[in-house]
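I have placed the structure first, in the form of structure tokens, so that the comments after it can refer back to it.
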Amino acid sequence: MLSSRGARNAATYDIPWRYAVAPTYNKDTNPNGIISFGLAEHGPVQHLITEYINQNVQFTTDSICYSSTASSHPLQPALARHINTHFSPLYPVTPEMVIKCNGCSAAGSMLSFALAEPGDGVLVSRPVYGRFELDYGIEGGVEIVYADTEPGECFETRCVQRYEKALVEADRRGVRIRALVLVNPHNPIGRCYPTETLIEIMKFCNRHKIHLIADEIYALCIFDPGNGDEGERVPFRSVLSLATPDVIDLDLVHVLYGFSKDFSSGGLHLGFTISYNAELRRACSSMLRFHSPSGTAEQIGTAILQDQYFLTSFIEKSNRDLEFSYKLATSVLDEAGIEYVKGGNAGFFLYMDLSPYLAPATTTNKKKTLSGPDREFALAQRFLDNGLFLHPGEEHCKHLGWFRLVFSHEEGVLREGLDRLVKTVRELKTIGYVDVRIEIWRGAE
């Protein structure tokens, strides 16, 4: 017999398409394997990190010892310097402000424990990275409360009105909002928040005395694909560069960062919380018994952060590659007539509107009427039948048919995946709607 929370967590595996399909494609050994446009990794530069580790990191006995929680460990000073250099904080980040942990998912879980009671809520705009439901809910039992916006509307100052409405509605349901999670650069839209919008969101949090958790894990994944007809791109600004006591109580400001995106090293499981709040840092540090990184990951992370020459060259190469991949992906989508949110300049993804290819709501599958998410599941299955995984409903949107496309692949893989995407869309245009056969994927993460 399980506890109520154990049973609730086990039930997440019963949610259709909750977990991703693993990629199996290899041009030489498995050309018919699955290509995943759902996993946010930057494949083309992973070999640079691998080569750097093999050539520059000499493991010692410290690498296999327990992780130290002391801020005097060289990792925290190195990360503080990195933040001070690239995030332009108004008040310099000190090593004492840095809490290291085994990834940003762990950081979110720790914050849910430290800031909220089970049943409390964390506010996010939607569309948004769907795994926050797991990060804040699995261990902390915290509810994600959505403030619905149209794609792109979340970057406008009027998004605060949506937050206000969602907060009031949550209060009516008896859900106390304890924090707002802001993803900047945005996942899945791939844009940065304008300064004026960040300031209005901070004022909103200060007004309601709720914590601002700024997930800035894509902070340095910024590229310039050219303006064209899409207008000027907004540069990245960290909340650390804008937060002042007259805008927000600094004890309410917490920034999440990690190695999985900017350094394409998700497997290191190395993340950080940067916070002005000493009491919160103590609370989170008490949980490092369960969430600290390995000594090996710390040694690798420290070496990378201390090597300014490598850092600079790696970031430049990474962003050039993202620019190329973005241009390639958007050119193919434009030629195929597939709509997406334009104006991207950050992250690994495009947000596509595939609603024209959903099965009509009146379509039946034997005794089953396709409605709601089932229509997205059927479309996702059609893509999967053609060897391409796109995660249905994961980057939540109030409208059906929106999918996130991760373009940060090796050129050959990206072209093959785009070919499969266009092939499927053309098939659907020919038959008029999605084949109503539904096979729900229930896989392990």
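Please note that chains go A, B, ... in the order of the structure tokens, that every chain numbers its residues from 1, and that ligands are numbered from 1 in the order shown.
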Original post:
Do you know which residues are at most 10 Å from stretch 410-418 of chain A counting only C-alpha atoms, after dropping those on the same chain fewer than 5 positions away, and could you put them as a ChimeraX atom specification?
Top reply: /A:25-27,31,34-37,42-45,321,324-325,328-329,332-333,386-389,405,423-424
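If you count only C-alpha atoms and ignore residues fewer than 6 places along the chain from stretch 245-255 of chain A, what sits within 7 Å of it is Met202, Lys203, Asn206, Ile210, His211, Leu212, Ile213, Ala214, Asp215, Glu216, Thr273, Ile274, Ser275, Tyr276 and Asn277 of chain A.
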Output C-alpha atoms for every residue in that selection, as a JSON list (two decimals), in the first residue's frame.
```json
[["chain", "number", "residue", "atom", "x", "y", "z"],
["A", 202, "MET", "CA", 8.42, 42.31, -10.10],
["A", 203, "LYS", "CA", 6.06, 45.04, -8.91],
["A", 206, "ASN", "CA", 6.02, 42.79, -4.45],
["A", 210, "ILE", "CA", 4.84, 36.47, -3.45],
["A", 211, "HIS", "CA", 8.27, 35.16, -4.40],
["A", 212, "LEU", "CA", 9.68, 35.64, -7.89],
["A", 213, "ILE", "CA", 11.53, 32.56, -9.16],
["A", 214, "ALA", "CA", 13.35, 33.58, -12.35],
["A", 215, "ASP", "CA", 14.38, 30.50, -14.33],
["A", 216, "GLU", "CA", 17.23, 31.91, -16.43],
["A", 273, "THR", "CA", 19.79, 28.91, -6.92],
["A", 274, "ILE", "CA", 20.99, 32.49, -6.45],
["A", 275, "SER", "CA", 19.09, 34.29, -3.71],
["A", 276, "TYR", "CA", 19.38, 37.40, -1.54],
["A", 277, "ASN", "CA", 17.28, 35.67, 1.12]]
```
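Atom to atom, atom CA of A:Phe87 and atom CA of A:Thr312 stand 14.3 Å apart.
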Distance table requested - stretch 276-366 of chain A against stretch 236-239 of chain A, cut-off 12 Å, only C-alpha atoms: one row per qualifying residue with the closest atom pair and its distance in Å to one decimal, ordered by chain and rising residue number, as JSON lines.
```
{"residue": "A:Gly344", "atom": "CA", "partner": "A:Phe236", "partner_atom": "CA", "distance": 12.0}
{"residue": "A:Asn345", "atom": "CA", "partner": "A:Phe236", "partner_atom": "CA", "distance": 9.5}
{"residue": "A:Ala346", "atom": "CA", "partner": "A:Phe236", "partner_atom": "CA", "distance": 8.6}
{"residue": "A:Gly347", "atom": "CA", "partner": "A:Phe236", "partner_atom": "CA", "distance": 11.2}
```
Original post:
Nearest to A:Pro74: which of A:Ile304, A:Met352, A:Leu322, A:Leu90 is it, counting only C-alpha atoms?
Top reply: A:Ile304
Subject >> Contacts of A:Ala20 within 12 Å, only C-alpha atoms, excl. fewer than 2 positions in-chain, as a ChimeraX atom specification >> reply: /A:13,15-18,22-23,34-40,130-131,380,384,388-394,440-445
As a PDB file with N, CA and C atoms, in the first residue's frame, please: every residue in stretch 51-271 of chain A that DSSP puts in helix (DSSP H, G or I).
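Saved as states06.pdb:
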```
ATOM      1  N   GLU A  51      35.281  16.973 -25.078  1.00  0.00           N
ATOM      2  CA  GLU A  51      36.729  17.080 -25.336  1.00  0.00           C
ATOM      3  C   GLU A  51      37.410  17.908 -24.249  1.00  0.00           C
ATOM      4  N   TYR A  52      36.744  18.980 -23.819  1.00  0.00           N
ATOM      5  CA  TYR A  52      37.349  19.819 -22.781  1.00  0.00           C
ATOM      6  C   TYR A  52      37.544  19.028 -21.487  1.00  0.00           C
ATOM      7  N   ILE A  53      36.535  18.276 -21.106  1.00  0.00           N
ATOM      8  CA  ILE A  53      36.629  17.481 -19.872  1.00  0.00           C
ATOM      9  C   ILE A  53      37.770  16.475 -19.972  1.00  0.00           C
ATOM     10  N   ASN A  54      37.827  15.772 -21.110  1.00  0.00           N
ATOM     11  CA  ASN A  54      38.852  14.747 -21.265  1.00  0.00           C
ATOM     12  C   ASN A  54      40.260  15.326 -21.266  1.00  0.00           C
ATOM     13  N   GLN A  55      40.420  16.534 -21.746  1.00  0.00           N
ATOM     14  CA  GLN A  55      41.750  17.129 -21.886  1.00  0.00           C
ATOM     15  C   GLN A  55      42.168  17.997 -20.695  1.00  0.00           C
ATOM     16  N   ASN A  56      41.198  18.480 -19.906  1.00  0.00           N
ATOM     17  CA  ASN A  56      41.535  19.505 -18.923  1.00  0.00           C
ATOM     18  C   ASN A  56      41.169  19.188 -17.477  1.00  0.00           C
ATOM     19  N   THR A  61      40.818  12.621  -5.437  1.00  0.00           N
ATOM     20  CA  THR A  61      39.975  11.950  -4.440  1.00  0.00           C
ATOM     21  C   THR A  61      38.765  12.800  -4.072  1.00  0.00           C
ATOM     22  N   ASP A  62      38.889  14.131  -4.197  1.00  0.00           N
ATOM     23  CA  ASP A  62      37.732  14.991  -3.934  1.00  0.00           C
ATOM     24  C   ASP A  62      36.573  14.686  -4.883  1.00  0.00           C
ATOM     25  N   SER A  63      36.901  14.158  -6.062  1.00  0.00           N
ATOM     26  CA  SER A  63      35.872  13.883  -7.062  1.00  0.00           C
ATOM     27  C   SER A  63      34.939  12.762  -6.629  1.00  0.00           C
ATOM     28  N   ILE A  64      35.389  11.928  -5.728  1.00  0.00           N
ATOM     29  CA  ILE A  64      34.547  10.801  -5.311  1.00  0.00           C
ATOM     30  C   ILE A  64      34.153  10.908  -3.842  1.00  0.00           C
ATOM     31  N   LEU A  75      33.567  26.028  -6.480  1.00  0.00           N
ATOM     32  CA  LEU A  75      32.472  26.097  -7.442  1.00  0.00           C
ATOM     33  C   LEU A  75      31.616  27.343  -7.239  1.00  0.00           C
ATOM     34  N   GLN A  76      31.261  27.650  -5.968  1.00  0.00           N
ATOM     35  CA  GLN A  76      30.400  28.816  -5.734  1.00  0.00           C
ATOM     36  C   GLN A  76      31.068  30.137  -6.120  1.00  0.00           C
ATOM     37  N   PRO A  77      32.325  30.372  -5.750  1.00  0.00           N
ATOM     38  CA  PRO A  77      32.976  31.597  -6.233  1.00  0.00           C
ATOM     39  C   PRO A  77      33.059  31.675  -7.757  1.00  0.00           C
ATOM     40  N   ALA A  78      33.310  30.538  -8.400  1.00  0.00           N
ATOM     41  CA  ALA A  78      33.391  30.530  -9.859  1.00  0.00           C
ATOM     42  C   ALA A  78      32.043  30.876 -10.477  1.00  0.00           C
ATOM     43  N   LEU A  79      30.963  30.319  -9.909  1.00  0.00           N
ATOM     44  CA  LEU A  79      29.634  30.622 -10.432  1.00  0.00           C
ATOM     45  C   LEU A  79      29.276  32.075 -10.162  1.00  0.00           C
ATOM     46  N   ALA A  80      29.630  32.586  -8.992  1.00  0.00           N
ATOM     47  CA  ALA A  80      29.352  33.993  -8.674  1.00  0.00           C
ATOM     48  C   ALA A  80      30.041  34.914  -9.680  1.00  0.00           C
ATOM     49  N   ARG A  81      31.288  34.628 -10.025  1.00  0.00           N
ATOM     50  CA  ARG A  81      31.991  35.434 -11.022  1.00  0.00           C
ATOM     51  C   ARG A  81      31.300  35.356 -12.379  1.00  0.00           C
ATOM     52  N   HIS A  82      30.858  34.174 -12.732  1.00  0.00           N
ATOM     53  CA  HIS A  82      30.156  33.979 -13.998  1.00  0.00           C
ATOM     54  C   HIS A  82      28.879  34.829 -14.044  1.00  0.00           C
ATOM     55  N   ILE A  83      28.109  34.798 -12.978  1.00  0.00           N
ATOM     56  CA  ILE A  83      26.873  35.586 -12.922  1.00  0.00           C
ATOM     57  C   ILE A  83      27.194  37.078 -12.960  1.00  0.00           C
ATOM     58  N   ASN A  84      28.185  37.511 -12.216  1.00  0.00           N
ATOM     59  CA  ASN A  84      28.541  38.936 -12.195  1.00  0.00           C
ATOM     60  C   ASN A  84      29.027  39.418 -13.556  1.00  0.00           C
ATOM     61  N   THR A  85      29.670  38.525 -14.310  1.00  0.00           N
ATOM     62  CA  THR A  85      30.187  38.899 -15.627  1.00  0.00           C
ATOM     63  C   THR A  85      29.094  38.956 -16.684  1.00  0.00           C
ATOM     64  N   HIS A  86      28.206  37.965 -16.692  1.00  0.00           N
ATOM     65  CA  HIS A  86      27.272  37.808 -17.802  1.00  0.00           C
ATOM     66  C   HIS A  86      25.843  38.262 -17.496  1.00  0.00           C
ATOM     67  N   PRO A  95      29.601  34.379  -3.231  1.00  0.00           N
ATOM     68  CA  PRO A  95      29.499  32.923  -3.131  1.00  0.00           C
ATOM     69  C   PRO A  95      28.450  32.468  -2.123  1.00  0.00           C
ATOM     70  N   GLU A  96      28.242  33.252  -1.049  1.00  0.00           N
ATOM     71  CA  GLU A  96      27.267  32.879  -0.033  1.00  0.00           C
ATOM     72  C   GLU A  96      25.838  32.871  -0.576  1.00  0.00           C
ATOM     73  N   MET A  97      25.598  33.604  -1.664  1.00  0.00           N
ATOM     74  CA  MET A  97      24.258  33.679  -2.253  1.00  0.00           C
ATOM     75  C   MET A  97      23.950  32.499  -3.167  1.00  0.00           C
ATOM     76  N   CYS A 104      18.418  22.154 -12.165  1.00  0.00           N
ATOM     77  CA  CYS A 104      17.365  23.146 -11.933  1.00  0.00           C
ATOM     78  C   CYS A 104      16.040  22.511 -11.550  1.00  0.00           C
ATOM     79  N   SER A 105      15.784  21.290 -11.996  1.00  0.00           N
ATOM     80  CA  SER A 105      14.570  20.601 -11.542  1.00  0.00           C
ATOM     81  C   SER A 105      14.630  20.399 -10.032  1.00  0.00           C
ATOM     82  N   ALA A 106      15.797  20.010  -9.536  1.00  0.00           N
ATOM     83  CA  ALA A 106      15.969  19.858  -8.090  1.00  0.00           C
ATOM     84  C   ALA A 106      15.815  21.191  -7.390  1.00  0.00           C
ATOM     85  N   ALA A 107      16.346  22.267  -7.983  1.00  0.00           N
ATOM     86  CA  ALA A 107      16.228  23.592  -7.383  1.00  0.00           C
ATOM     87  C   ALA A 107      14.767  23.995  -7.240  1.00  0.00           C
ATOM     88  N   GLY A 108      13.976  23.732  -8.285  1.00  0.00           N
ATOM     89  CA  GLY A 108      12.553  24.034  -8.202  1.00  0.00           C
ATOM     90  C   GLY A 108      11.855  23.233  -7.126  1.00  0.00           C
ATOM     91  N   SER A 109      12.202  21.965  -7.018  1.00  0.00           N
ATOM     92  CA  SER A 109      11.604  21.123  -5.986  1.00  0.00           C
ATOM     93  C   SER A 109      11.971  21.625  -4.592  1.00  0.00           C
ATOM     94  N   MET A 110      13.222  22.009  -4.411  1.00  0.00           N
ATOM     95  CA  MET A 110      13.658  22.531  -3.113  1.00  0.00           C
ATOM     96  C   MET A 110      12.915  23.813  -2.757  1.00  0.00           C
ATOM     97  N   LEU A 111      12.722  24.681  -3.739  1.00  0.00           N
ATOM     98  CA  LEU A 111      12.004  25.930  -3.484  1.00  0.00           C
ATOM     99  C   LEU A 111      10.538  25.665  -3.144  1.00  0.00           C
ATOM    100  N   SER A 112       9.954  24.660  -3.779  1.00  0.00           N
ATOM    101  CA  SER A 112       8.555  24.349  -3.455  1.00  0.00           C
ATOM    102  C   SER A 112       8.422  23.921  -1.998  1.00  0.00           C
ATOM    103  N   PHE A 113       9.409  23.178  -1.496  1.00  0.00           N
ATOM    104  CA  PHE A 113       9.412  22.779  -0.086  1.00  0.00           C
ATOM    105  C   PHE A 113       9.610  23.976   0.832  1.00  0.00           C
ATOM    106  N   ALA A 114      10.536  24.841   0.444  1.00  0.00           N
ATOM    107  CA  ALA A 114      10.938  25.929   1.328  1.00  0.00           C
ATOM    108  C   ALA A 114       9.933  27.077   1.366  1.00  0.00           C
ATOM    109  N   LEU A 115       9.173  27.259   0.284  1.00  0.00           N
ATOM    110  CA  LEU A 115       8.314  28.432   0.173  1.00  0.00           C
ATOM    111  C   LEU A 115       6.831  28.143   0.315  1.00  0.00           C
ATOM    112  N   PHE A 132       7.163  21.844 -15.121  1.00  0.00           N
ATOM    113  CA  PHE A 132       7.047  22.499 -13.823  1.00  0.00           C
ATOM    114  C   PHE A 132       6.032  21.777 -12.933  1.00  0.00           C
ATOM    115  N   GLU A 133       5.040  21.150 -13.560  1.00  0.00           N
ATOM    116  CA  GLU A 133       4.064  20.387 -12.782  1.00  0.00           C
ATOM    117  C   GLU A 133       4.752  19.284 -11.982  1.00  0.00           C
ATOM    118  N   LEU A 134       5.805  18.711 -12.558  1.00  0.00           N
ATOM    119  CA  LEU A 134       6.576  17.677 -11.866  1.00  0.00           C
ATOM    120  C   LEU A 134       7.590  18.293 -10.911  1.00  0.00           C
ATOM    121  N   ASP A 135       8.294  19.323 -11.372  1.00  0.00           N
ATOM    122  CA  ASP A 135       9.361  19.926 -10.560  1.00  0.00           C
ATOM    123  C   ASP A 135       8.833  20.445  -9.232  1.00  0.00           C
ATOM    124  N   TYR A 136       7.679  21.097  -9.269  1.00  0.00           N
ATOM    125  CA  TYR A 136       7.133  21.707  -8.058  1.00  0.00           C
ATOM    126  C   TYR A 136       6.079  20.833  -7.393  1.00  0.00           C
ATOM    127  N   GLY A 137       5.597  19.819  -8.109  1.00  0.00           N
ATOM    128  CA  GLY A 137       4.497  19.027  -7.580  1.00  0.00           C
ATOM    129  C   GLY A 137       4.848  17.669  -7.024  1.00  0.00           C
ATOM    130  N   GLU A 153       1.820  37.117 -25.937  1.00  0.00           N
ATOM    131  CA  GLU A 153       1.233  38.123 -25.053  1.00  0.00           C
ATOM    132  C   GLU A 153       1.943  38.213 -23.716  1.00  0.00           C
ATOM    133  N   CYS A 154       2.596  37.122 -23.320  1.00  0.00           N
ATOM    134  CA  CYS A 154       3.254  37.103 -22.009  1.00  0.00           C
ATOM    135  C   CYS A 154       4.398  38.108 -21.924  1.00  0.00           C
ATOM    136  N   PHE A 155       4.887  38.593 -23.069  1.00  0.00           N
ATOM    137  CA  PHE A 155       5.989  39.540 -23.068  1.00  0.00           C
ATOM    138  C   PHE A 155       5.515  40.988 -22.927  1.00  0.00           C
ATOM    139  N   CYS A 159       0.361  41.425 -19.444  1.00  0.00           N
ATOM    140  CA  CYS A 159       0.326  40.066 -18.895  1.00  0.00           C
ATOM    141  C   CYS A 159       0.064  40.098 -17.394  1.00  0.00           C
ATOM    142  N   VAL A 160       0.423  41.208 -16.731  1.00  0.00           N
ATOM    143  CA  VAL A 160       0.183  41.321 -15.295  1.00  0.00           C
ATOM    144  C   VAL A 160      -1.308  41.219 -14.990  1.00  0.00           C
ATOM    145  N   GLN A 161      -2.156  41.698 -15.895  1.00  0.00           N
ATOM    146  CA  GLN A 161      -3.595  41.566 -15.704  1.00  0.00           C
ATOM    147  C   GLN A 161      -4.003  40.101 -15.674  1.00  0.00           C
ATOM    148  N   ARG A 162      -3.348  39.292 -16.494  1.00  0.00           N
ATOM    149  CA  ARG A 162      -3.636  37.847 -16.508  1.00  0.00           C
ATOM    150  C   ARG A 162      -3.200  37.207 -15.183  1.00  0.00           C
ATOM    151  N   TYR A 163      -2.038  37.641 -14.678  1.00  0.00           N
ATOM    152  CA  TYR A 163      -1.586  37.129 -13.385  1.00  0.00           C
ATOM    153  C   TYR A 163      -2.563  37.526 -12.277  1.00  0.00           C
ATOM    154  N   GLU A 164      -3.016  38.746 -12.305  1.00  0.00           N
ATOM    155  CA  GLU A 164      -3.970  39.213 -11.290  1.00  0.00           C
ATOM    156  C   GLU A 164      -5.230  38.361 -11.313  1.00  0.00           C
ATOM    157  N   LYS A 165      -5.744  38.109 -12.495  1.00  0.00           N
ATOM    158  CA  LYS A 165      -6.962  37.312 -12.629  1.00  0.00           C
ATOM    159  C   LYS A 165      -6.758  35.892 -12.114  1.00  0.00           C
ATOM    160  N   ALA A 166      -5.634  35.278 -12.488  1.00  0.00           N
ATOM    161  CA  ALA A 166      -5.356  33.909 -12.051  1.00  0.00           C
ATOM    162  C   ALA A 166      -5.185  33.843 -10.542  1.00  0.00           C
ATOM    163  N   LEU A 167      -4.558  34.857  -9.964  1.00  0.00           N
ATOM    164  CA  LEU A 167      -4.368  34.890  -8.513  1.00  0.00           C
ATOM    165  C   LEU A 167      -5.698  34.973  -7.795  1.00  0.00           C
ATOM    166  N   VAL A 168      -6.603  35.831  -8.280  1.00  0.00           N
ATOM    167  CA  VAL A 168      -7.933  35.976  -7.663  1.00  0.00           C
ATOM    168  C   VAL A 168      -8.720  34.675  -7.765  1.00  0.00           C
ATOM    169  N   GLU A 169      -8.669  34.044  -8.937  1.00  0.00           N
ATOM    170  CA  GLU A 169      -9.407  32.790  -9.122  1.00  0.00           C
ATOM    171  C   GLU A 169      -8.843  31.677  -8.243  1.00  0.00           C
ATOM    172  N   ALA A 170      -7.518  31.645  -8.083  1.00  0.00           N
ATOM    173  CA  ALA A 170      -6.912  30.651  -7.193  1.00  0.00           C
ATOM    174  C   ALA A 170      -7.359  30.878  -5.755  1.00  0.00           C
ATOM    175  N   ASP A 171      -7.397  32.126  -5.340  1.00  0.00           N
ATOM    176  CA  ASP A 171      -7.831  32.455  -3.985  1.00  0.00           C
ATOM    177  C   ASP A 171      -9.258  32.001  -3.740  1.00  0.00           C
ATOM    178  N   ARG A 172     -10.117  32.140  -4.735  1.00  0.00           N
ATOM    179  CA  ARG A 172     -11.504  31.696  -4.604  1.00  0.00           C
ATOM    180  C   ARG A 172     -11.596  30.191  -4.410  1.00  0.00           C
ATOM    181  N   THR A 195      12.487  44.790 -20.698  1.00  0.00           N
ATOM    182  CA  THR A 195      12.763  45.345 -19.377  1.00  0.00           C
ATOM    183  C   THR A 195      11.501  45.820 -18.692  1.00  0.00           C
ATOM    184  N   GLU A 196      10.642  46.545 -19.420  1.00  0.00           N
ATOM    185  CA  GLU A 196       9.448  47.107 -18.785  1.00  0.00           C
ATOM    186  C   GLU A 196       8.504  46.024 -18.283  1.00  0.00           C
ATOM    187  N   THR A 197       8.450  44.888 -18.986  1.00  0.00           N
ATOM    188  CA  THR A 197       7.591  43.790 -18.539  1.00  0.00           C
ATOM    189  C   THR A 197       8.167  43.124 -17.296  1.00  0.00           C
ATOM    190  N   LEU A 198       9.475  42.915 -17.271  1.00  0.00           N
ATOM    191  CA  LEU A 198      10.115  42.345 -16.082  1.00  0.00           C
ATOM    192  C   LEU A 198       9.851  43.214 -14.852  1.00  0.00           C
ATOM    193  N   ILE A 199       9.947  44.511 -15.016  1.00  0.00           N
ATOM    194  CA  ILE A 199       9.729  45.421 -13.888  1.00  0.00           C
ATOM    195  C   ILE A 199       8.285  45.349 -13.407  1.00  0.00           C
ATOM    196  N   GLU A 200       7.336  45.301 -14.329  1.00  0.00           N
ATOM    197  CA  GLU A 200       5.926  45.215 -13.924  1.00  0.00           C
ATOM    198  C   GLU A 200       5.629  43.894 -13.223  1.00  0.00           C
ATOM    199  N   ILE A 201       6.260  42.823 -13.662  1.00  0.00           N
ATOM    200  CA  ILE A 201       6.063  41.525 -12.991  1.00  0.00           C
ATOM    201  C   ILE A 201       6.660  41.560 -11.583  1.00  0.00           C
ATOM    202  N   MET A 202       7.823  42.183 -11.434  1.00  0.00           N
ATOM    203  CA  MET A 202       8.416  42.308 -10.098  1.00  0.00           C
ATOM    204  C   MET A 202       7.531  43.151  -9.183  1.00  0.00           C
ATOM    205  N   LYS A 203       6.964  44.216  -9.716  1.00  0.00           N
ATOM    206  CA  LYS A 203       6.056  45.044  -8.915  1.00  0.00           C
ATOM    207  C   LYS A 203       4.818  44.255  -8.499  1.00  0.00           C
ATOM    208  N   PHE A 204       4.305  43.432  -9.409  1.00  0.00           N
ATOM    209  CA  PHE A 204       3.167  42.569  -9.091  1.00  0.00           C
ATOM    210  C   PHE A 204       3.503  41.638  -7.929  1.00  0.00           C
ATOM    211  N   CYS A 205       4.674  40.992  -8.008  1.00  0.00           N
ATOM    212  CA  CYS A 205       5.081  40.087  -6.930  1.00  0.00           C
ATOM    213  C   CYS A 205       5.236  40.837  -5.613  1.00  0.00           C
ATOM    214  N   ASN A 206       5.818  42.008  -5.671  1.00  0.00           N
ATOM    215  CA  ASN A 206       6.017  42.787  -4.450  1.00  0.00           C
ATOM    216  C   ASN A 206       4.676  43.218  -3.852  1.00  0.00           C
ATOM    217  N   ARG A 207       3.753  43.593  -4.720  1.00  0.00           N
ATOM    218  CA  ARG A 207       2.438  44.043  -4.267  1.00  0.00           C
ATOM    219  C   ARG A 207       1.695  42.944  -3.507  1.00  0.00           C
ATOM    220  N   HIS A 208       1.841  41.715  -3.966  1.00  0.00           N
ATOM    221  CA  HIS A 208       1.127  40.598  -3.347  1.00  0.00           C
ATOM    222  C   HIS A 208       2.016  39.790  -2.402  1.00  0.00           C
ATOM    223  N   VAL A 239      16.761  39.393 -14.090  1.00  0.00           N
ATOM    224  CA  VAL A 239      16.077  40.150 -13.038  1.00  0.00           C
ATOM    225  C   VAL A 239      17.089  40.694 -12.035  1.00  0.00           C
ATOM    226  N   LEU A 240      18.257  40.051 -11.945  1.00  0.00           N
ATOM    227  CA  LEU A 240      19.297  40.546 -11.041  1.00  0.00           C
ATOM    228  C   LEU A 240      19.807  41.914 -11.478  1.00  0.00           C
ATOM    229  N   SER A 241      19.671  42.239 -12.749  1.00  0.00           N
ATOM    230  CA  SER A 241      20.126  43.521 -13.263  1.00  0.00           C
ATOM    231  C   SER A 241      19.078  44.618 -13.105  1.00  0.00           C
ATOM    232  N   LEU A 250      14.028  42.463  -2.082  1.00  0.00           N
ATOM    233  CA  LEU A 250      15.047  41.565  -2.629  1.00  0.00           C
ATOM    234  C   LEU A 250      14.984  40.171  -2.025  1.00  0.00           C
ATOM    235  N   ASP A 251      14.424  40.034  -0.847  1.00  0.00           N
ATOM    236  CA  ASP A 251      14.266  38.710  -0.254  1.00  0.00           C
ATOM    237  C   ASP A 251      13.263  37.850  -1.012  1.00  0.00           C
ATOM    238  N   LEU A 252      12.518  38.449  -1.949  1.00  0.00           N
ATOM    239  CA  LEU A 252      11.544  37.712  -2.750  1.00  0.00           C
ATOM    240  C   LEU A 252      12.112  37.254  -4.085  1.00  0.00           C
ATOM    241  N   GLY A 266      23.389  18.560 -19.658  1.00  0.00           N
ATOM    242  CA  GLY A 266      22.314  18.147 -18.771  1.00  0.00           C
ATOM    243  C   GLY A 266      22.675  16.947 -17.918  1.00  0.00           C
ATOM    244  N   GLY A 267      23.513  16.069 -18.464  1.00  0.00           N
ATOM    245  CA  GLY A 267      23.890  14.877 -17.732  1.00  0.00           C
ATOM    246  C   GLY A 267      24.774  15.131 -16.526  1.00  0.00           C
ATOM    247  N   LEU A 268      25.351  16.335 -16.434  1.00  0.00           N
ATOM    248  CA  LEU A 268      26.134  16.662 -15.238  1.00  0.00           C
ATOM    249  C   LEU A 268      25.236  16.850 -14.010  1.00  0.00           C
TER     250      LEU A 268
END
```
